[in-house]
Amino acid sequence: MSMELTDAEKTDRVRLLNDMARQNPGVACRANMTIGFAALEDHDRHAAMQVMLAFDHFHEGNDPHGEHDFGAIYRLRSGDWVQARPSDEKSISETAFWKIDCYDKQLEFGSEAPWDSDQTTRVLTIMLAEEY
């Protein structure tokens with residue numbers, strides 16, 4: 001007998017599954033990168049991926065639904081990648097976004113039950129902001 005989940009429990013489950021997907025791209029989800037992100041130099045791409053994997057800078061402004069399905073990371077003029085948007089816009093040399101979309105198992109439509117991994121395929125995409 002299956003128990004019906006509350007909306008809060010569904011959101012908690014979506015958040016957990018999205019965190020697992022972001023932290024395990026290609027294992028807990030399908031993973032894509034855009035042409036622009038793939039064209040970054042290897043050391044930049046790897047550094048950006050490490051910041052994305054560790055991303056935990058969620059707040060009401062960037063995660064209004066509490067699902068951990070989108071984030072932005074920033075390359076500073078120093079070359080370092082960071083999670084938090086610097087207050088000085090001039091210190092940012094590149095912005096990358098990552099997003100997680102939830103599809104049905106056939107990847108044809110959006111998932112009707114994104115909290116249920118048996119019915120959902122997650123797709124993580126990382127891109128340069130200019131490609132969004």
# chains A, B, ... in the order shown; residues from 1 in each chain; ligands from 1
call {"tool": "residues_around", "arguments": {"residues": "stretch 24-34 of chain A", "least_positions_apart": "6", "cutoff": "7 Å", "atoms": "only C-alpha atoms", "output": "CSV table (one decimal) with N, CA, C and O atoms, in the first residue's frame"}}
result
chain,number,residue,atom,x,y,z
A,121,THR,N,13.1,11.1,-15.5
A,121,THR,CA,14.5,11.2,-15.9
A,121,THR,C,14.9,12.7,-15.7
A,121,THR,O,14.3,13.6,-16.3
A,122,ARG,N,16.0,12.9,-15.0
A,122,ARG,CA,16.5,14.2,-14.8
A,122,ARG,C,17.6,14.5,-15.8
A,122,ARG,O,18.4,13.6,-16.1
A,123,VAL,N,17.6,15.7,-16.3
A,123,VAL,CA,18.6,16.2,-17.3
A,123,VAL,C,19.2,17.4,-16.8
A,123,VAL,O,18.5,18.4,-16.5
A,124,LEU,N,20.5,17.4,-16.5
A,124,LEU,CA,21.3,18.5,-16.1
A,124,LEU,C,22.0,19.1,-17.3
A,124,LEU,O,22.6,18.4,-18.1
A,125,THR,N,21.8,20.4,-17.4
A,125,THR,CA,22.5,21.2,-18.4
A,125,THR,C,23.3,22.3,-17.8
A,125,THR,O,22.8,23.0,-16.9
A,126,ILE,N,24.6,22.4,-18.2
A,126,ILE,CA,25.4,23.5,-17.8
A,126,ILE,C,25.8,24.4,-19.0
A,126,ILE,O,26.1,23.8,-20.1
A,127,MET,N,25.7,25.7,-18.9
A,127,MET,CA,25.8,26.6,-20.1
A,127,MET,C,26.4,27.9,-19.6
A,127,MET,O,26.3,28.2,-18.4
call {"tool": "residues_around", "arguments": {"residues": "A:Gly110", "least_positions_apart": "5", "cutoff": "12 Å", "atoms": "only C-alpha atoms", "output": "number ranges by chain"}}
result
A: 100-105, 119-123
call {"tool": "write_last_selection", "arguments": {"atoms": "N, CA, C and O atoms", "output": "PDB file, in the first residue's frame"}}
result
ATOM      1  N   ILE A 100      18.353  21.856 -13.931  1.00  0.00           N
ATOM      2  CA  ILE A 100      17.889  20.474 -13.967  1.00  0.00           C
ATOM      3  C   ILE A 100      16.438  20.485 -14.422  1.00  0.00           C
ATOM      4  O   ILE A 100      15.606  21.189 -13.851  1.00  0.00           O
ATOM      5  N   ASP A 101      16.166  19.721 -15.460  1.00  0.00           N
ATOM      6  CA  ASP A 101      14.804  19.560 -15.951  1.00  0.00           C
ATOM      7  C   ASP A 101      14.368  18.130 -15.689  1.00  0.00           C
ATOM      8  O   ASP A 101      15.175  17.192 -15.771  1.00  0.00           O
ATOM      9  N   CYS A 102      13.090  17.961 -15.385  1.00  0.00           N
ATOM     10  CA  CYS A 102      12.524  16.650 -15.086  1.00  0.00           C
ATOM     11  C   CYS A 102      11.581  16.233 -16.211  1.00  0.00           C
ATOM     12  O   CYS A 102      10.604  16.933 -16.495  1.00  0.00           O
ATOM     13  N   TYR A 103      11.900  15.106 -16.834  1.00  0.00           N
ATOM     14  CA  TYR A 103      11.119  14.580 -17.946  1.00  0.00           C
ATOM     15  C   TYR A 103      10.528  13.223 -17.588  1.00  0.00           C
ATOM     16  O   TYR A 103      10.981  12.554 -16.664  1.00  0.00           O
ATOM     17  N   ASP A 104       9.567  12.805 -18.400  1.00  0.00           N
ATOM     18  CA  ASP A 104       9.082  11.425 -18.268  1.00  0.00           C
ATOM     19  C   ASP A 104      10.215  10.492 -18.703  1.00  0.00           C
ATOM     20  O   ASP A 104      11.256  10.933 -19.196  1.00  0.00           O
ATOM     21  N   LYS A 105      10.037   9.209 -18.503  1.00  0.00           N
ATOM     22  CA  LYS A 105      11.096   8.244 -18.791  1.00  0.00           C
ATOM     23  C   LYS A 105      11.473   8.184 -20.270  1.00  0.00           C
ATOM     24  O   LYS A 105      12.583   7.812 -20.619  1.00  0.00           O
ATOM     25  N   GLN A 119       9.444   7.399 -12.246  1.00  0.00           N
ATOM     26  CA  GLN A 119       8.679   7.996 -13.341  1.00  0.00           C
ATOM     27  C   GLN A 119       9.415   9.151 -14.021  1.00  0.00           C
ATOM     28  O   GLN A 119       8.880   9.757 -14.948  1.00  0.00           O
ATOM     29  N   THR A 120      10.615   9.467 -13.535  1.00  0.00           N
ATOM     30  CA  THR A 120      11.271  10.709 -13.952  1.00  0.00           C
ATOM     31  C   THR A 120      12.708  10.479 -14.383  1.00  0.00           C
ATOM     32  O   THR A 120      13.447   9.734 -13.739  1.00  0.00           O
ATOM     33  N   THR A 121      13.093  11.137 -15.469  1.00  0.00           N
ATOM     34  CA  THR A 121      14.493  11.217 -15.879  1.00  0.00           C
ATOM     35  C   THR A 121      14.924  12.662 -15.724  1.00  0.00           C
ATOM     36  O   THR A 121      14.288  13.564 -16.282  1.00  0.00           O
ATOM     37  N   ARG A 122      15.973  12.874 -14.966  1.00  0.00           N
ATOM     38  CA  ARG A 122      16.505  14.219 -14.769  1.00  0.00           C
ATOM     39  C   ARG A 122      17.578  14.494 -15.812  1.00  0.00           C
ATOM     40  O   ARG A 122      18.381  13.616 -16.124  1.00  0.00           O
ATOM     41  N   VAL A 123      17.571  15.726 -16.321  1.00  0.00           N
ATOM     42  CA  VAL A 123      18.571  16.154 -17.293  1.00  0.00           C
ATOM     43  C   VAL A 123      19.210  17.424 -16.759  1.00  0.00           C
ATOM     44  O   VAL A 123      18.530  18.430 -16.537  1.00  0.00           O
TER      45      VAL A 123
END
call {"tool": "atom_distance", "arguments": {"atom1": "atom CA of A:Asp80", "atom2": "atom CA of A:Phe55"}}
result
14.5 Å
call {"tool": "closest_residue", "arguments": {"among": "A:Ala113, A:Ala54, A:Ile35, A:Ala48", "to": "A:Leu76", "atoms": "only C-alpha atoms"}}
result
A:Ala48
call {"tool": "closest_residue", "arguments": {"among": "A:Ser87, A:Gln50, A:Ser111, A:Thr95", "to": "A:Ala72", "atoms": "only C-alpha atoms"}}
result
A:Thr95
call {"tool": "atom_distance", "arguments": {"atom1": "atom CA of A:Ala129", "atom2": "atom CA of A:Arg13"}}
result
27.9 Å
call {"tool": "closest_residue", "arguments": {"among": "A:Tyr132, A:Trp115, A:Trp81, A:Tyr74", "to": "A:Lys99", "atoms": "only C-alpha atoms"}}
result
A:Tyr132
call {"tool": "atom_distance", "arguments": {"atom1": "atom CA of A:His59", "atom2": "atom CA of A:Ile73"}}
result
14.1 Å
call {"tool": "select_by_dssp", "arguments": {"residues": "chain A", "states": "strand (DSSP E)", "output": "ChimeraX atom specification"}}
result
/A:30-33,70-76,81-82,92-103,121-128
call {"tool": "write_last_selection", "arguments": {"atoms": "N, CA and C atoms", "output": "CSV table (one decimal), in the first residue's frame"}}
result
chain,number,residue,atom,x,y,z
A,30,ARG,N,21.0,12.5,-16.6
A,30,ARG,CA,21.7,12.7,-17.9
A,30,ARG,C,22.3,14.0,-17.8
A,31,ALA,N,23.5,14.2,-18.4
A,31,ALA,CA,24.2,15.5,-18.3
A,31,ALA,C,24.6,16.0,-19.6
A,32,ASN,N,24.4,17.3,-19.8
A,32,ASN,CA,24.8,18.0,-21.0
A,32,ASN,C,25.5,19.3,-20.7
A,33,MET,N,26.4,19.6,-21.7
A,33,MET,CA,27.0,21.0,-21.6
A,33,MET,C,26.8,21.6,-23.0
A,70,PHE,N,18.3,25.0,-10.2
A,70,PHE,CA,18.9,26.0,-11.0
A,70,PHE,C,19.9,26.8,-10.2
A,71,GLY,N,21.1,27.1,-10.8
A,71,GLY,CA,22.1,27.9,-10.1
A,71,GLY,C,23.0,28.7,-11.1
A,72,ALA,N,23.7,29.6,-10.5
A,72,ALA,CA,24.6,30.4,-11.3
A,72,ALA,C,26.0,30.3,-10.6
A,73,ILE,N,27.0,30.2,-11.4
A,73,ILE,CA,28.4,30.3,-10.8
A,73,ILE,C,29.2,31.3,-11.6
A,74,TYR,N,30.2,31.9,-11.0
A,74,TYR,CA,30.8,33.1,-11.6
A,74,TYR,C,32.4,32.8,-11.6
A,75,ARG,N,33.0,33.2,-12.7
A,75,ARG,CA,34.4,33.2,-12.8
A,75,ARG,C,34.9,34.6,-12.6
A,76,LEU,N,35.7,34.8,-11.6
A,76,LEU,CA,36.2,36.1,-11.3
A,76,LEU,C,37.4,36.4,-12.2
A,81,TRP,N,36.5,30.3,-9.7
A,81,TRP,CA,35.1,30.2,-9.9
A,81,TRP,C,34.4,30.2,-8.5
A,82,VAL,N,33.3,30.9,-8.3
A,82,VAL,CA,32.7,31.0,-7.0
A,82,VAL,C,31.1,30.8,-7.2
A,92,ILE,N,33.5,40.1,-12.3
A,92,ILE,CA,33.0,38.9,-12.9
A,92,ILE,C,33.5,38.8,-14.4
A,93,SER,N,34.2,37.8,-14.8
A,93,SER,CA,34.6,37.6,-16.2
A,93,SER,C,33.7,36.7,-16.9
A,94,GLU,N,33.0,35.8,-16.3
A,94,GLU,CA,32.2,34.8,-16.9
A,94,GLU,C,31.1,34.3,-15.9
A,95,THR,N,29.9,34.1,-16.4
A,95,THR,CA,28.8,33.5,-15.6
A,95,THR,C,28.4,32.2,-16.3
A,96,ALA,N,28.2,31.2,-15.6
A,96,ALA,CA,27.7,29.9,-16.1
A,96,ALA,C,26.4,29.6,-15.3
A,97,PHE,N,25.4,29.0,-16.0
A,97,PHE,CA,24.2,28.5,-15.3
A,97,PHE,C,24.2,27.0,-15.4
A,98,TRP,N,23.6,26.4,-14.4
A,98,TRP,CA,23.3,25.0,-14.5
A,98,TRP,C,21.8,24.9,-14.2
A,99,LYS,N,21.1,23.9,-14.8
A,99,LYS,CA,19.7,23.7,-14.6
A,99,LYS,C,19.4,22.2,-14.7
A,100,ILE,N,18.4,21.9,-13.9
A,100,ILE,CA,17.9,20.5,-14.0
A,100,ILE,C,16.4,20.5,-14.4
A,101,ASP,N,16.2,19.7,-15.5
A,101,ASP,CA,14.8,19.6,-16.0
A,101,ASP,C,14.4,18.1,-15.7
A,102,CYS,N,13.1,18.0,-15.4
A,102,CYS,CA,12.5,16.7,-15.1
A,102,CYS,C,11.6,16.2,-16.2
A,103,TYR,N,11.9,15.1,-16.8
A,103,TYR,CA,11.1,14.6,-17.9
A,103,TYR,C,10.5,13.2,-17.6
A,121,THR,N,13.1,11.1,-15.5
A,121,THR,CA,14.5,11.2,-15.9
A,121,THR,C,14.9,12.7,-15.7
A,122,ARG,N,16.0,12.9,-15.0
A,122,ARG,CA,16.5,14.2,-14.8
A,122,ARG,C,17.6,14.5,-15.8
A,123,VAL,N,17.6,15.7,-16.3
A,123,VAL,CA,18.6,16.2,-17.3
A,123,VAL,C,19.2,17.4,-16.8
A,124,LEU,N,20.5,17.4,-16.5
A,124,LEU,CA,21.3,18.5,-16.1
A,124,LEU,C,22.0,19.1,-17.3
A,125,THR,N,21.8,20.4,-17.4
A,125,THR,CA,22.5,21.2,-18.4
A,125,THR,C,23.3,22.3,-17.8
A,126,ILE,N,24.6,22.4,-18.2
A,126,ILE,CA,25.4,23.5,-17.8
A,126,ILE,C,25.8,24.4,-19.0
A,127,MET,N,25.7,25.7,-18.9
A,127,MET,CA,25.8,26.6,-20.1
A,127,MET,C,26.4,27.9,-19.6
A,128,LEU,N,26.9,28.6,-20.6
A,128,LEU,CA,27.3,30.0,-20.3
A,128,LEU,C,26.1,30.8,-20.3
call {"tool": "select_by_dssp", "arguments": {"residues": "stretch 16-85 of chain A", "states": "alpha helix (DSSP H)", "output": "NGL selection string"}}
result
:A and (16-23 or 35-38 or 42-53)
call {"tool": "write_last_selection", "arguments": {"atoms": "N, CA and C atoms", "output": "mmCIF file, in the first residue's frame"}}
result
data_model
loop_
_atom_site.group_PDB
_atom_site.id
_atom_site.type_symbol
_atom_site.label_atom_id
_atom_site.label_comp_id
_atom_site.auth_asym_id
_atom_site.auth_seq_id
_atom_site.Cartn_x
_atom_site.Cartn_y
_atom_site.Cartn_z
ATOM 1 N N LEU A 16 15.976 16.627 -2.914
ATOM 2 C CA LEU A 16 16.956 15.561 -2.685
ATOM 3 C C LEU A 16 17.412 14.940 -4.005
ATOM 4 N N LEU A 17 16.471 14.630 -4.880
ATOM 5 C CA LEU A 17 16.807 14.030 -6.169
ATOM 6 C C LEU A 17 17.591 15.006 -7.057
ATOM 7 N N ASN A 18 17.236 16.287 -7.015
ATOM 8 C CA ASN A 18 17.971 17.289 -7.789
ATOM 9 C C ASN A 18 19.391 17.457 -7.252
ATOM 10 N N ASP A 19 19.552 17.451 -5.936
ATOM 11 C CA ASP A 19 20.902 17.540 -5.362
ATOM 12 C C ASP A 19 21.737 16.334 -5.785
ATOM 13 N N MET A 20 21.140 15.156 -5.736
ATOM 14 C CA MET A 20 21.860 13.945 -6.163
ATOM 15 C C MET A 20 22.244 14.043 -7.633
ATOM 16 N N ALA A 21 21.343 14.554 -8.462
ATOM 17 C CA ALA A 21 21.624 14.695 -9.891
ATOM 18 C C ALA A 21 22.780 15.659 -10.127
ATOM 19 N N ARG A 22 22.739 16.823 -9.467
ATOM 20 C CA ARG A 22 23.794 17.836 -9.656
ATOM 21 C C ARG A 22 25.140 17.327 -9.156
ATOM 22 N N GLN A 23 25.132 16.573 -8.074
ATOM 23 C CA GLN A 23 26.384 16.090 -7.483
ATOM 24 C C GLN A 23 26.932 14.853 -8.193
ATOM 25 N N ILE A 35 27.753 24.092 -26.207
ATOM 26 C CA ILE A 35 28.976 24.271 -27.000
ATOM 27 C C ILE A 35 29.878 25.322 -26.363
ATOM 28 N N GLY A 36 29.292 26.422 -25.899
ATOM 29 C CA GLY A 36 30.093 27.486 -25.286
ATOM 30 C C GLY A 36 30.794 27.026 -24.019
ATOM 31 N N PHE A 37 30.079 26.307 -23.160
ATOM 32 C CA PHE A 37 30.701 25.810 -21.929
ATOM 33 C C PHE A 37 31.780 24.782 -22.275
ATOM 34 N N ALA A 38 31.495 23.903 -23.222
ATOM 35 C CA ALA A 38 32.473 22.889 -23.625
ATOM 36 C C ALA A 38 33.729 23.522 -24.220
ATOM 37 N N ASP A 42 40.191 23.634 -20.576
ATOM 38 C CA ASP A 42 39.987 22.502 -19.672
ATOM 39 C C ASP A 42 40.013 22.899 -18.206
ATOM 40 N N HIS A 43 41.017 23.675 -17.804
ATOM 41 C CA HIS A 43 41.122 24.026 -16.373
ATOM 42 C C HIS A 43 39.931 24.864 -15.912
ATOM 43 N N ASP A 44 39.400 25.737 -16.771
ATOM 44 C CA ASP A 44 38.216 26.531 -16.414
ATOM 45 C C ASP A 44 36.976 25.652 -16.322
ATOM 46 N N ARG A 45 36.808 24.773 -17.293
ATOM 47 C CA ARG A 45 35.649 23.880 -17.295
ATOM 48 C C ARG A 45 35.667 22.973 -16.063
ATOM 49 N N HIS A 46 36.808 22.429 -15.741
ATOM 50 C CA HIS A 46 36.912 21.542 -14.572
ATOM 51 C C HIS A 46 36.677 22.315 -13.275
ATOM 52 N N ALA A 47 37.237 23.507 -13.178
ATOM 53 C CA ALA A 47 37.034 24.325 -11.965
ATOM 54 C C ALA A 47 35.561 24.698 -11.816
ATOM 55 N N ALA A 48 34.915 25.062 -12.920
ATOM 56 C CA ALA A 48 33.491 25.409 -12.865
ATOM 57 C C ALA A 48 32.660 24.203 -12.441
ATOM 58 N N MET A 49 32.994 23.042 -12.971
ATOM 59 C CA MET A 49 32.259 21.826 -12.602
ATOM 60 C C MET A 49 32.414 21.524 -11.115
ATOM 61 N N GLN A 50 33.593 21.720 -10.568
ATOM 62 C CA GLN A 50 33.806 21.466 -9.141
ATOM 63 C C GLN A 50 32.939 22.390 -8.285
ATOM 64 N N VAL A 51 32.830 23.646 -8.684
ATOM 65 C CA VAL A 51 31.985 24.592 -7.943
ATOM 66 C C VAL A 51 30.516 24.193 -8.088
ATOM 67 N N MET A 52 30.111 23.767 -9.274
ATOM 68 C CA MET A 52 28.724 23.335 -9.470
ATOM 69 C C MET A 52 28.415 22.092 -8.632
ATOM 70 N N LEU A 53 29.319 21.133 -8.617
ATOM 71 C CA LEU A 53 29.102 19.909 -7.842
ATOM 72 C C LEU A 53 28.912 20.205 -6.360
#
call {"tool": "closest_residue", "arguments": {"among": "A:Glu41, A:Glu60, A:Glu108, A:Glu67", "to": "A:Ala8", "atoms": "only C-alpha atoms"}}
result
A:Glu67
call {"tool": "closest_residue", "arguments": {"among": "A:Arg77, A:His57, A:His68, A:Arg85", "to": "A:Thr11", "atoms": "only C-alpha atoms"}}
result
A:His68
